[in-house]
Amino acid sequence: MFEARRLKIAVFMGFLCGVACFFMGKYLYGLPLGASNLGFILLNRAMIGFAVGISNITTLTWSRHGALMGAVVGAIFAYADAMLGFSWVVIVSILCINPIFGIIIEFGTTVLFGAPIKKT
């Protein structure tokens with residue numbers, strides 16, 4: 001069973017990662033990102049946070065758990081982008097960056113906020 005505090009923290013961390021990702025892409029790298037891109041990025045990172053928060057895989061370290069959850073959710077969003085006709089560069093970028101965001105979200109949840117997965 002998942003813990004509500006861990007889930008809230010993980011989704012919040014995902015939201016923060018989404019905001020950071022959008023602003024870095026738009027203002028640091030000069031990508032032409034609009035409101036729909038912001039929504040898609042926020043949804044993607046919040047879903048990684050949700051997957052991190054609700055998952056109860058206790059056999060992995062926190063870093064591997066975050067990378068796994070980021071990869072799984074990232075694969076779903078990369079598939080959606082492929083169906084929407086995005087370029088292969090965007091799809092490969094999503095597949096590569098989402099495990100990193102998963103690790104960041106899991107680090108914030110487990111280490112910074114002290115909400116590790118409870119062993120049952």
# chains A, B, ... in the order shown; residues from 1 in each chain; ligands from 1
$ residues_around --residues "Gly102 of chain A" --least-positions-apart "3" --cutoff "7 Å" --atoms "only C-alpha atoms" --output "PyMOL selection string"
chain A and resi 48+66-67+69-70+98-99+105-106
$ residues_around --residues "segment 76-84 of chain A" --least-positions-apart "6" --cutoff "10 Å" --atoms "only C-alpha atoms" --output "list of chain:residue names"
A:Phe40, A:Ile41, A:Leu43, A:Asn44, A:Met47, A:Val90, A:Ile91, A:Val92, A:Ser93, A:Ile94, A:Leu95, A:Asn98
$ select_by_dssp --residues "chain A" --states "alpha helix (DSSP H)" --output "MDAnalysis selection string"
chainID A and resid 4:23 35:54 62:84 88:107
$ atom_distance --atom1 "atom CA of Val11 of chain A" --atom2 "atom CA of Leu112 of chain A"
14.3 Å
$ closest_residue --among "A:Gly14, A:Pro32, A:Gly53, A:Gly85" --to "Ile117 of chain A" --atoms "only C-alpha atoms"
A:Gly53
$ closest_residue --among "A:Leu31, A:Ala75, A:Ile100, A:Ala115" --to "Leu7 of chain A" --atoms "only C-alpha atoms"
A:Ala115
$ residues_around --residues "Leu68 of chain A" --least-positions-apart "4" --cutoff "9 Å" --atoms "only C-alpha atoms" --output "JSON, numbers by chain"
{"A": [63, 64, 72, 73, 99, 102, 103]}
$ closest_residue --among "A:Phe113, A:Phe12, A:Phe22, A:Phe101" --to "His65 of chain A" --atoms "only C-alpha atoms"
A:Phe101
